[in-house]
Amino acid sequence: MKQHSQHLIPGLAILIFSLAAPFLFPNYVFQFALLWLMITFALTWDTLGGQMGYNSLGNIVFFGVGMYTSALVQIGLYYDIGEYTAAYGAILVQYDMEQYFTGLIIGLIAAGLVAVVFALAFGTIVFGLRGPYFAIGTLGVALAAGELVGAWDWVGAGSGISMPVYPGDPDDRALLYYFLLLALGVSTFLFLMWLYSTRFGLAINAIRDDEEKAEAMGIHTKRHKTVAWSVSAFFLGISGAIFGNMAGFIEPLEVAFPTITFGIFMVVMCLLGGKGTLWGPVLGATLFHVVKEVTWTHLLGWQWVVLGLLIIINVVFFQQGIIGWAQDKWPERFGIIVEDDDALLAAQDTAEALPDKGVG
Amino acid sequence: MIDNINLLILAPYLNVQLLLDGLLIGAIFVLAAYGLALVWGVMNVKNLAQGDFVIMGGYIAWQVGTWGVNPLFGLPLAIVFMFAFGWAIYYLVIRYVIERDLFTSLLATFGMGLVISQSINLLFGPEVQIADSGLSIRSIYIFGGEVTVSEIKLLSFLMASSLAAVVILFMKNSRMGQAIRATAQDARAAKVMGIDTERVYAFTFALNAAICGAAGVLIAMIWNIQPFYGMTHSIRSFVIVTAAGFGNIPGVIMAGLGLGAAEQFSGFVFGAELQQATVVGLLVAVLVWRQIQSSRNRQAVI
């Protein structure tokens, strides 16, 4: 397909680099793994926020749901969960290779599926809400989820759960989780690239542009919204499961439902790169992660203040993001045809009216 | 949990105590929620930093307390300081988001809340603080000592009520209040009639910050403050305003007092660690309820 060919060269270059990266820079495997997690975050947020115009502040809830689901599956397969969490890791847990991988694979699948089920339930609550109410409602659900898990003794409450320990070499473990996150990030990207090129992609763009008109044209808006939300939840759920295992220890407020860290990062990364585009989230996530990791430790506690300022500046003064800005500047490069000055002005007008448009 | 409910049935005065505590705290929630309703109604900005303004006011009172002055004197200081702060924030940020889509103001103010709470955390430390007015140990006993109300709670209730009354009278009668209401109705028409809407917006936002600051001083004296409690206060204001609808002052008052009481009861029945969950749970419940209500009229909640 023609519109996919322009993604081929940068995509391949990134893929080759990513496959080689853990061997070229063995000290930074964890950072690269986090980078792919961030890319997955940004891509899944963009499905709703950018392509469908529903700005959620609570997507992180699927991350946490997936993380806890996989933890419970992995432990529950071989141990009694209540006993395990009540003992705070005092029970000696020994997994052999086969048990560990069986648990991990079933855990990852379960995480994705449970997150989807959760998205369907959650969708019936929040999808009647529009605009700011949607954002506040999703924020409320995410905060509530963290608080409720934190009060639930069976899953370890506020003291969390120690994940099963990888039975092999720690270096292999780091590589395993790096490649799992890489595979997840790449499959998310490819799946969304395909999804946005179908009628479904056009339908959710129509919902973004004018929901009433889309509905009047015969698009079943509620069904489309729920499916898009479930796609996003599926990938986020799996990412949560992988991250939970990679971190080795999970607890509700800081690791599983970190609404004001990861939950906000995903929004900021999308806005930085340019929401409503395929490459925007990838670019935004990469830039954000690199800058964050390079500067974070030098700011001595002021990093959160800087993050807040970054959000304000990004949202208020640079909302179209890097890709959006580039599209305005060089529309020809993005396959947007410019005929003459009048058409250019008209294109700029529509660009302002609809701040986001898909690449190609 | 069942034990706690039994206790409430066995000791009826406990209900009165919880209700009274709830109403006295709820009066302060009303102040912050009224500020939010004002900004939302006049300039269509949904301020997620509302709670952080409250906490700022609280830390002003606490700071005054550390100088050896009664934190009650922090009230005028907080009002003046927060008014100026609100004015500055308006010109730095809010001015650019008024005309934009709804998510912009939400996210920008969220970022602002992050900056404020983290700065407070770095300047004052993450401990939970109380501004001691010296009145919290002196109590009034009702029903033969079964129900106690500390003097500071009564005093703060009176102050909150009089502040609310002053603000409402100001909005009804003063020149600026009329200009604000005119701008809320139709900004363009107000501009044509010679009202400097830019100034009206700045004043409204500054007024909101001042109201929040005052609420924060009272919160710091009768309850407690911590740099990261702002988010919960913001959500409280949203619960109240969403339940009542803006421009509905009696509704905001009822919802605020109701929320205060509901929190006290749920805190007692489910335990204090679920108090924040109660607030966000109520938010979700209110939003769902609004949705059911509006689906009867076949309208989207916008």
# chains A, B, ... in the order shown; residues from 1 in each chain; ligands from 1
>>> closest_atom_pairs(of="segment 138-194 of chain A", to="segment 7-30 of chain A", cutoff="12 Å", atoms="only C-alpha atoms", output="tab-separated table")
residue	atom	partner	partner_atom	distance
A:Pro170	CA	A:Val29	CA	11.9
A:Asp171	CA	A:Pro26	CA	9.2
A:Asp172	CA	A:Val29	CA	10.8
A:Arg173	CA	A:Val29	CA	10.5
A:Ala174	CA	A:Val29	CA	6.8
A:Leu175	CA	A:Val29	CA	7.1
A:Leu176	CA	A:Val29	CA	10.2
A:Tyr177	CA	A:Phe30	CA	8.6
A:Tyr178	CA	A:Val29	CA	6.7
A:Phe179	CA	A:Leu19	CA	8.1
A:Leu180	CA	A:Leu19	CA	11.6
A:Leu181	CA	A:Phe30	CA	10.6
A:Leu182	CA	A:Ser18	CA	7.7
A:Ala183	CA	A:Leu15	CA	10.0
A:Gly185	CA	A:Leu15	CA	10.6
A:Val186	CA	A:Leu15	CA	8.2
A:Ser187	CA	A:Leu15	CA	11.5
A:Phe189	CA	A:Gly11	CA	9.8
A:Leu190	CA	A:Gly11	CA	9.9
A:Met193	CA	A:His7	CA	9.4
A:Trp194	CA	A:His7	CA	11.8
>>> residues_around(residues="segment 38-51 of chain A", least_positions_apart="3", cutoff="8 Å", atoms="only C-alpha atoms", output="JSON, numbers by chain")
{"A": [34, 35, 54, 55, 56, 59, 184, 185, 188, 189, 192, 201, 204, 205, 208, 228, 229, 231, 232, 233, 235, 236, 239, 266, 267, 269, 270, 275, 276, 277, 278, 281, 282, 284, 285, 286, 289, 356, 358]}
>>> write_last_selection(atoms="C-alpha atoms", output="PDB file, in the first residue's frame")
ATOM      1  CA  LEU A  34      11.625   2.002  29.422  1.00  0.00           C
ATOM      2  CA  LEU A  35      11.816   3.916  26.159  1.00  0.00           C
ATOM      3  CA  TYR A  54     -11.412  11.910  23.609  1.00  0.00           C
ATOM      4  CA  ASN A  55      -8.760  13.204  25.967  1.00  0.00           C
ATOM      5  CA  SER A  56      -8.468  10.722  28.782  1.00  0.00           C
ATOM      6  CA  ASN A  59      -5.695   5.483  30.709  1.00  0.00           C
ATOM      7  CA  LEU A 184       5.001  -4.964  22.235  1.00  0.00           C
ATOM      8  CA  GLY A 185       5.923  -1.455  21.062  1.00  0.00           C
ATOM      9  CA  THR A 188       1.319  -1.726  18.800  1.00  0.00           C
ATOM     10  CA  PHE A 189       2.740   0.581  16.124  1.00  0.00           C
ATOM     11  CA  LEU A 192      -2.365   0.987  14.868  1.00  0.00           C
ATOM     12  CA  GLY A 201      -9.685   4.797  11.407  1.00  0.00           C
ATOM     13  CA  ILE A 204     -12.919   7.513  14.694  1.00  0.00           C
ATOM     14  CA  ASN A 205     -11.462  10.577  12.949  1.00  0.00           C
ATOM     15  CA  ARG A 208     -13.188  13.538  16.593  1.00  0.00           C
ATOM     16  CA  ALA A 228     -10.930   1.988  20.104  1.00  0.00           C
ATOM     17  CA  TRP A 229     -10.788   2.158  23.885  1.00  0.00           C
ATOM     18  CA  VAL A 231      -7.586  -1.698  21.591  1.00  0.00           C
ATOM     19  CA  SER A 232      -5.799   0.872  23.692  1.00  0.00           C
ATOM     20  CA  ALA A 233      -6.567  -1.080  26.886  1.00  0.00           C
ATOM     21  CA  PHE A 235      -1.827  -3.072  24.646  1.00  0.00           C
ATOM     22  CA  LEU A 236      -1.633  -1.056  27.863  1.00  0.00           C
ATOM     23  CA  SER A 239       2.609  -3.360  28.935  1.00  0.00           C
ATOM     24  CA  MET A 266       1.583   9.711  28.089  1.00  0.00           C
ATOM     25  CA  VAL A 267      -0.421  12.860  27.460  1.00  0.00           C
ATOM     26  CA  MET A 269       4.563  12.832  25.091  1.00  0.00           C
ATOM     27  CA  CYS A 270       1.706  12.824  22.586  1.00  0.00           C
ATOM     28  CA  LYS A 275      -1.164  14.157  18.546  1.00  0.00           C
ATOM     29  CA  GLY A 276      -3.342  12.590  15.910  1.00  0.00           C
ATOM     30  CA  THR A 277      -0.326  11.429  13.899  1.00  0.00           C
ATOM     31  CA  LEU A 278       1.334   8.048  13.768  1.00  0.00           C
ATOM     32  CA  PRO A 281       3.796   9.827  19.755  1.00  0.00           C
ATOM     33  CA  VAL A 282       6.947   7.870  18.859  1.00  0.00           C
ATOM     34  CA  GLY A 284       7.480  12.701  21.461  1.00  0.00           C
ATOM     35  CA  ALA A 285       8.108   9.669  23.650  1.00  0.00           C
ATOM     36  CA  THR A 286      11.709   9.339  22.505  1.00  0.00           C
ATOM     37  CA  HIS A 289      12.381  10.046  27.666  1.00  0.00           C
ATOM     38  CA  ASP A 356      -4.654  17.252  14.195  1.00  0.00           C
ATOM     39  CA  GLY A 358      -3.296  11.963  10.110  1.00  0.00           C
TER      40      GLY A 358
END
>>> closest_residue(among="B:Leu123, B:Leu259, B:Ala108, B:Leu163", to="chain A", atoms="only C-alpha atoms")
B:Ala108
>>> select_by_dssp(residues="segment 42-285 of chain A", states="alpha helix (DSSP H)", output="PyMOL selection string")
chain A and resi 42-49+60-76+81-86+97-126+131-150+170-197+199-209+211-216+221-247+262-273+279-285
>>> residues_around(residues="Phe124 of chain B", least_positions_apart="5", cutoff="10 Å", atoms="only C-alpha atoms", output="list in words")
Tyr59, Trp62, Gln63, Gln118, Ser119, Gln129, Gln226 and Pro227 of chain B
>>> interface_residues(of="chain A", to="chain B", cutoff="8 Å", atoms="only C-alpha atoms", output="PDB file with C-alpha atoms, in the first residue's frame")
ATOM      1  CA  ASN A  55      -8.760  13.204  25.967  1.00  0.00           C
ATOM      2  CA  ILE A 125     -19.675   4.557  32.514  1.00  0.00           C
ATOM      3  CA  VAL A 126     -17.615   7.269  30.837  1.00  0.00           C
ATOM      4  CA  GLY A 128     -21.660   9.370  27.661  1.00  0.00           C
ATOM      5  CA  LEU A 129     -19.402  12.126  28.967  1.00  0.00           C
ATOM      6  CA  ARG A 130     -17.955  14.720  26.653  1.00  0.00           C
ATOM      7  CA  GLY A 131     -15.027  17.086  26.701  1.00  0.00           C
ATOM      8  CA  PRO A 132     -13.841  18.084  30.153  1.00  0.00           C
ATOM      9  CA  TYR A 133     -16.260  15.757  31.924  1.00  0.00           C
ATOM     10  CA  ALA A 135     -11.194  13.883  31.190  1.00  0.00           C
ATOM     11  CA  GLY A 137     -14.301  11.264  34.916  1.00  0.00           C
ATOM     12  CA  GLY A 140     -11.512  10.033  38.882  1.00  0.00           C
ATOM     13  CA  VAL A 141     -11.714   6.363  37.898  1.00  0.00           C
ATOM     14  CA  LEU A 143      -7.436   7.672  41.180  1.00  0.00           C
ATOM     15  CA  ALA A 144     -10.240   5.565  42.658  1.00  0.00           C
ATOM     16  CA  GLU A 147      -7.081   3.832  46.267  1.00  0.00           C
ATOM     17  CA  LEU A 148      -9.317   0.757  46.148  1.00  0.00           C
ATOM     18  CA  ALA A 151      -7.267  -0.968  50.583  1.00  0.00           C
ATOM     19  CA  GLY A 301      13.977  17.537  43.259  1.00  0.00           C
ATOM     20  CA  TRP A 302      12.918  20.400  41.002  1.00  0.00           C
ATOM     21  CA  TRP A 304       8.579  17.764  38.917  1.00  0.00           C
ATOM     22  CA  VAL A 305       8.289  21.520  38.808  1.00  0.00           C
ATOM     23  CA  VAL A 306      10.045  21.484  35.447  1.00  0.00           C
ATOM     24  CA  LEU A 307       7.659  18.756  34.259  1.00  0.00           C
ATOM     25  CA  GLY A 308       4.688  20.912  35.267  1.00  0.00           C
ATOM     26  CA  LEU A 309       6.131  23.917  33.432  1.00  0.00           C
ATOM     27  CA  LEU A 310       6.778  21.724  30.397  1.00  0.00           C
ATOM     28  CA  ILE A 311       3.124  20.649  30.405  1.00  0.00           C
ATOM     29  CA  ILE A 312       1.919  24.247  30.640  1.00  0.00           C
ATOM     30  CA  VAL A 315      -0.279  22.796  26.053  1.00  0.00           C
ATOM     31  CA  VAL A 316      -0.618  26.548  25.921  1.00  0.00           C
TER      32      VAL A 316
END
>>> closest_residue(among="A:Phe127, A:Phe262, A:Trp330, A:Phe101", to="His224 of chain A", atoms="only C-alpha atoms")
A:Phe127
>>> residues_around(residues="Gln264 of chain B", least_positions_apart="4", cutoff="8 Å", atoms="only C-alpha atoms", output="tab-separated table (two decimals) with C-alpha atoms, in the first residue's frame")
chain	number	residue	atom	x	y	z
B	18	LEU	CA	-20.32	13.36	62.53
B	19	LEU	CA	-23.03	15.40	60.85
B	21	ASP	CA	-18.28	18.03	61.85
B	22	GLY	CA	-19.21	17.37	58.24
B	260	GLY	CA	-18.70	17.32	53.94
B	268	PHE	CA	-16.04	6.64	60.04
>>> closest_atom_pairs(of="segment 44-97 of chain A", to="segment 241-261 of chain A", cutoff="8 Å", atoms="only C-alpha atoms", output="JSON lines")
{"residue": "A:Leu57", "atom": "CA", "partner": "A:Thr259", "partner_atom": "CA", "distance": 7.9}
{"residue": "A:Gly58", "atom": "CA", "partner": "A:Thr259", "partner_atom": "CA", "distance": 7.0}
{"residue": "A:Ile60", "atom": "CA", "partner": "A:Phe257", "partner_atom": "CA", "distance": 6.1}
{"residue": "A:Val61", "atom": "CA", "partner": "A:Phe257", "partner_atom": "CA", "distance": 6.0}
{"residue": "A:Phe63", "atom": "CA", "partner": "A:Ala256", "partner_atom": "CA", "distance": 6.7}
{"residue": "A:Gly64", "atom": "CA", "partner": "A:Ala256", "partner_atom": "CA", "distance": 4.2}
{"residue": "A:Val65", "atom": "CA", "partner": "A:Ala256", "partner_atom": "CA", "distance": 7.7}
{"residue": "A:Gly66", "atom": "CA", "partner": "A:Ala241", "partner_atom": "CA", "distance": 5.3}
{"residue": "A:Met67", "atom": "CA", "partner": "A:Ala241", "partner_atom": "CA", "distance": 4.1}
{"residue": "A:Tyr68", "atom": "CA", "partner": "A:Ala241", "partner_atom": "CA", "distance": 7.4}
{"residue": "A:Thr69", "atom": "CA", "partner": "A:Ala241", "partner_atom": "CA", "distance": 7.5}
{"residue": "A:Ser70", "atom": "CA", "partner": "A:Ala241", "partner_atom": "CA", "distance": 5.5}
{"residue": "A:Ala71", "atom": "CA", "partner": "A:Ala241", "partner_atom": "CA", "distance": 7.4}
>>> write_last_selection(atoms="N, CA and C atoms", output="PDB file, in the first residue's frame")
ATOM      1  N   LEU A  57      -7.565  11.240  30.965  1.00  0.00           N
ATOM      2  CA  LEU A  57      -6.476  11.402  31.935  1.00  0.00           C
ATOM      3  C   LEU A  57      -6.330  10.143  32.775  1.00  0.00           C
ATOM      4  N   GLY A  58      -7.098   9.092  32.423  1.00  0.00           N
ATOM      5  CA  GLY A  58      -7.104   7.912  33.280  1.00  0.00           C
ATOM      6  C   GLY A  58      -6.711   6.626  32.592  1.00  0.00           C
ATOM      7  N   ILE A  60      -4.090   5.180  32.483  1.00  0.00           N
ATOM      8  CA  ILE A  60      -3.143   4.424  33.287  1.00  0.00           C
ATOM      9  C   ILE A  60      -3.833   3.292  34.041  1.00  0.00           C
ATOM     10  N   VAL A  61      -5.160   3.398  34.190  1.00  0.00           N
ATOM     11  CA  VAL A  61      -5.892   2.380  34.928  1.00  0.00           C
ATOM     12  C   VAL A  61      -5.714   0.999  34.279  1.00  0.00           C
ATOM     13  N   PHE A  63      -3.097  -0.039  32.622  1.00  0.00           N
ATOM     14  CA  PHE A  63      -1.732  -0.447  32.950  1.00  0.00           C
ATOM     15  C   PHE A  63      -1.741  -1.181  34.292  1.00  0.00           C
ATOM     16  N   GLY A  64      -2.379  -0.567  35.282  1.00  0.00           N
ATOM     17  CA  GLY A  64      -2.428  -1.165  36.612  1.00  0.00           C
ATOM     18  C   GLY A  64      -3.232  -2.447  36.639  1.00  0.00           C
ATOM     19  N   VAL A  65      -4.365  -2.438  35.918  1.00  0.00           N
ATOM     20  CA  VAL A  65      -5.206  -3.633  35.889  1.00  0.00           C
ATOM     21  C   VAL A  65      -4.428  -4.800  35.282  1.00  0.00           C
ATOM     22  N   GLY A  66      -3.718  -4.535  34.179  1.00  0.00           N
ATOM     23  CA  GLY A  66      -2.928  -5.581  33.545  1.00  0.00           C
ATOM     24  C   GLY A  66      -1.842  -6.086  34.468  1.00  0.00           C
ATOM     25  N   MET A  67      -1.191  -5.146  35.172  1.00  0.00           N
ATOM     26  CA  MET A  67      -0.095  -5.524  36.055  1.00  0.00           C
ATOM     27  C   MET A  67      -0.586  -6.445  37.168  1.00  0.00           C
ATOM     28  N   TYR A  68      -1.695  -6.051  37.806  1.00  0.00           N
ATOM     29  CA  TYR A  68      -2.207  -6.867  38.898  1.00  0.00           C
ATOM     30  C   TYR A  68      -2.750  -8.200  38.393  1.00  0.00           C
ATOM     31  N   THR A  69      -3.388  -8.187  37.202  1.00  0.00           N
ATOM     32  CA  THR A  69      -3.914  -9.443  36.669  1.00  0.00           C
ATOM     33  C   THR A  69      -2.792 -10.438  36.469  1.00  0.00           C
ATOM     34  N   SER A  70      -1.711  -9.997  35.810  1.00  0.00           N
ATOM     35  CA  SER A  70      -0.633 -10.944  35.530  1.00  0.00           C
ATOM     36  C   SER A  70       0.008 -11.402  36.828  1.00  0.00           C
ATOM     37  N   ALA A  71       0.148 -10.499  37.803  1.00  0.00           N
ATOM     38  CA  ALA A  71       0.747 -10.901  39.077  1.00  0.00           C
ATOM     39  C   ALA A  71      -0.090 -11.987  39.724  1.00  0.00           C
TER      40      ALA A  71
END
>>> closest_residue(among="B:Ala206, B:Val39, B:Val147, B:Leu77", to="Leu20 of chain B", atoms="only C-alpha atoms")
B:Val147
>>> closest_residue(among="B:Ala184, B:Val149, B:Ile168, B:Leu154", to="Ala27 of chain B", atoms="only C-alpha atoms")
B:Leu154
>>> select_by_dssp(residues="segment 116-292 of chain A", states="strand (DSSP E)", output="MDAnalysis selection string")
chainID A and resid 161:162 249:250
>>> write_last_selection(atoms="N, CA and C atoms", output="mmCIF file, in the first residue's frame")
data_model
loop_
_atom_site.group_PDB
_atom_site.id
_atom_site.type_symbol
_atom_site.label_atom_id
_atom_site.label_comp_id
_atom_site.auth_asym_id
_atom_site.auth_seq_id
_atom_site.Cartn_x
_atom_site.Cartn_y
_atom_site.Cartn_z
ATOM 1 N N ILE A 161 2.940 -6.503 46.138
ATOM 2 C CA ILE A 161 3.249 -7.911 45.896
ATOM 3 C C ILE A 161 4.662 -7.998 45.326
ATOM 4 N N SER A 162 5.450 -8.971 45.819
ATOM 5 C CA SER A 162 6.728 -9.251 45.149
ATOM 6 C C SER A 162 6.450 -10.236 44.033
ATOM 7 N N PHE A 249 8.622 -5.810 41.790
ATOM 8 C CA PHE A 249 7.790 -5.551 42.959
ATOM 9 C C PHE A 249 6.711 -4.569 42.548
ATOM 10 N N ILE A 250 5.451 -4.864 42.896
ATOM 11 C CA ILE A 250 4.405 -3.920 42.503
ATOM 12 C C ILE A 250 3.609 -3.479 43.717
#
>>> residues_around(residues="Arg138 of chain B", least_positions_apart="3", cutoff="9 Å", atoms="only C-alpha atoms", output="PDB file with N, CA and C atoms, in the first residue's frame")
ATOM      1  N   GLY B 134      -4.762  27.918  68.661  1.00  0.00           N
ATOM      2  CA  GLY B 134      -4.935  27.993  70.095  1.00  0.00           C
ATOM      3  C   GLY B 134      -6.378  27.839  70.529  1.00  0.00           C
ATOM      4  N   LEU B 135      -7.292  27.769  69.562  1.00  0.00           N
ATOM      5  CA  LEU B 135      -8.709  27.649  69.901  1.00  0.00           C
ATOM      6  C   LEU B 135      -9.210  26.217  69.745  1.00  0.00           C
ATOM      7  N   VAL B 149     -17.920  20.472  69.991  1.00  0.00           N
ATOM      8  CA  VAL B 149     -17.526  21.265  68.832  1.00  0.00           C
ATOM      9  C   VAL B 149     -16.447  22.224  69.283  1.00  0.00           C
ATOM     10  N   SER B 150     -15.270  22.153  68.650  1.00  0.00           N
ATOM     11  CA  SER B 150     -14.222  23.065  69.087  1.00  0.00           C
ATOM     12  C   SER B 150     -14.535  24.464  68.580  1.00  0.00           C
ATOM     13  N   GLU B 151     -14.069  25.448  69.324  1.00  0.00           N
ATOM     14  CA  GLU B 151     -14.408  26.841  69.003  1.00  0.00           C
ATOM     15  C   GLU B 151     -13.890  27.242  67.628  1.00  0.00           C
ATOM     16  N   ILE B 152     -12.725  26.694  67.268  1.00  0.00           N
ATOM     17  CA  ILE B 152     -12.150  27.116  65.996  1.00  0.00           C
ATOM     18  C   ILE B 152     -13.038  26.670  64.834  1.00  0.00           C
TER      19      ILE B 152
END
>>> residues_around(residues="Val42 of chain B", least_positions_apart="3", cutoff="9 Å", atoms="only C-alpha atoms", output="PyMOL selection string")
chain B and resi 37-39+45+180-185+187+201+204
>>> write_last_selection(atoms="N, CA and C atoms", output="CSV table (one decimal), in the first residue's frame")
chain,number,residue,atom,x,y,z
B,37,ALA,N,-17.0,27.5,40.4
B,37,ALA,CA,-18.2,27.7,39.6
B,37,ALA,C,-18.1,29.1,38.9
B,38,LEU,N,-17.5,30.1,39.7
B,38,LEU,CA,-17.4,31.4,39.1
B,38,LEU,C,-16.5,31.4,37.9
B,39,VAL,N,-15.3,30.8,38.0
B,39,VAL,CA,-14.4,30.8,36.9
B,39,VAL,C,-14.9,30.0,35.7
B,45,VAL,N,-13.2,28.2,32.1
B,45,VAL,CA,-11.9,27.6,32.4
B,45,VAL,C,-12.2,26.6,33.5
B,180,ILE,N,-18.9,41.4,35.8
B,180,ILE,CA,-18.6,40.0,35.7
B,180,ILE,C,-19.8,39.2,35.2
B,181,ARG,N,-21.0,39.5,35.8
B,181,ARG,CA,-22.2,38.8,35.4
B,181,ARG,C,-22.5,39.1,33.9
B,182,ALA,N,-22.3,40.3,33.5
B,182,ALA,CA,-22.6,40.7,32.1
B,182,ALA,C,-21.7,39.9,31.2
B,183,THR,N,-20.4,39.8,31.5
B,183,THR,CA,-19.4,39.1,30.7
B,183,THR,C,-19.8,37.6,30.6
B,184,ALA,N,-20.2,37.1,31.8
B,184,ALA,CA,-20.6,35.7,31.8
B,184,ALA,C,-21.8,35.4,30.8
B,185,GLN,N,-22.7,36.4,30.8
B,185,GLN,CA,-23.9,36.2,29.9
B,185,GLN,C,-23.5,36.2,28.4
B,187,ALA,N,-20.0,37.7,26.4
B,187,ALA,CA,-18.8,38.5,26.5
B,187,ALA,C,-18.7,39.5,25.4
B,201,TYR,N,-12.0,39.3,33.3
B,201,TYR,CA,-11.5,37.9,33.4
B,201,TYR,C,-10.4,37.8,34.5
B,204,THR,N,-11.8,38.1,37.9
B,204,THR,CA,-12.6,36.9,38.3
B,204,THR,C,-11.6,35.9,38.7
>>> closest_residue(among="A:Gly156, A:Pro164, A:Gly274, A:Arg199", to="Tyr79 of chain A", atoms="only C-alpha atoms")
A:Pro164
>>> atom_distance(atom1="atom CA of Gln74 of chain A", atom2="atom CA of Gly103 of chain A")
4.5 Å
>>> atom_distance(atom1="atom CA of Gln94 of chain A", atom2="atom CA of Pro167 of chain A")
7.9 Å
>>> atom_distance(atom1="atom CA of Asn4 of chain B", atom2="atom CA of Glu127 of chain B")
29.3 Å
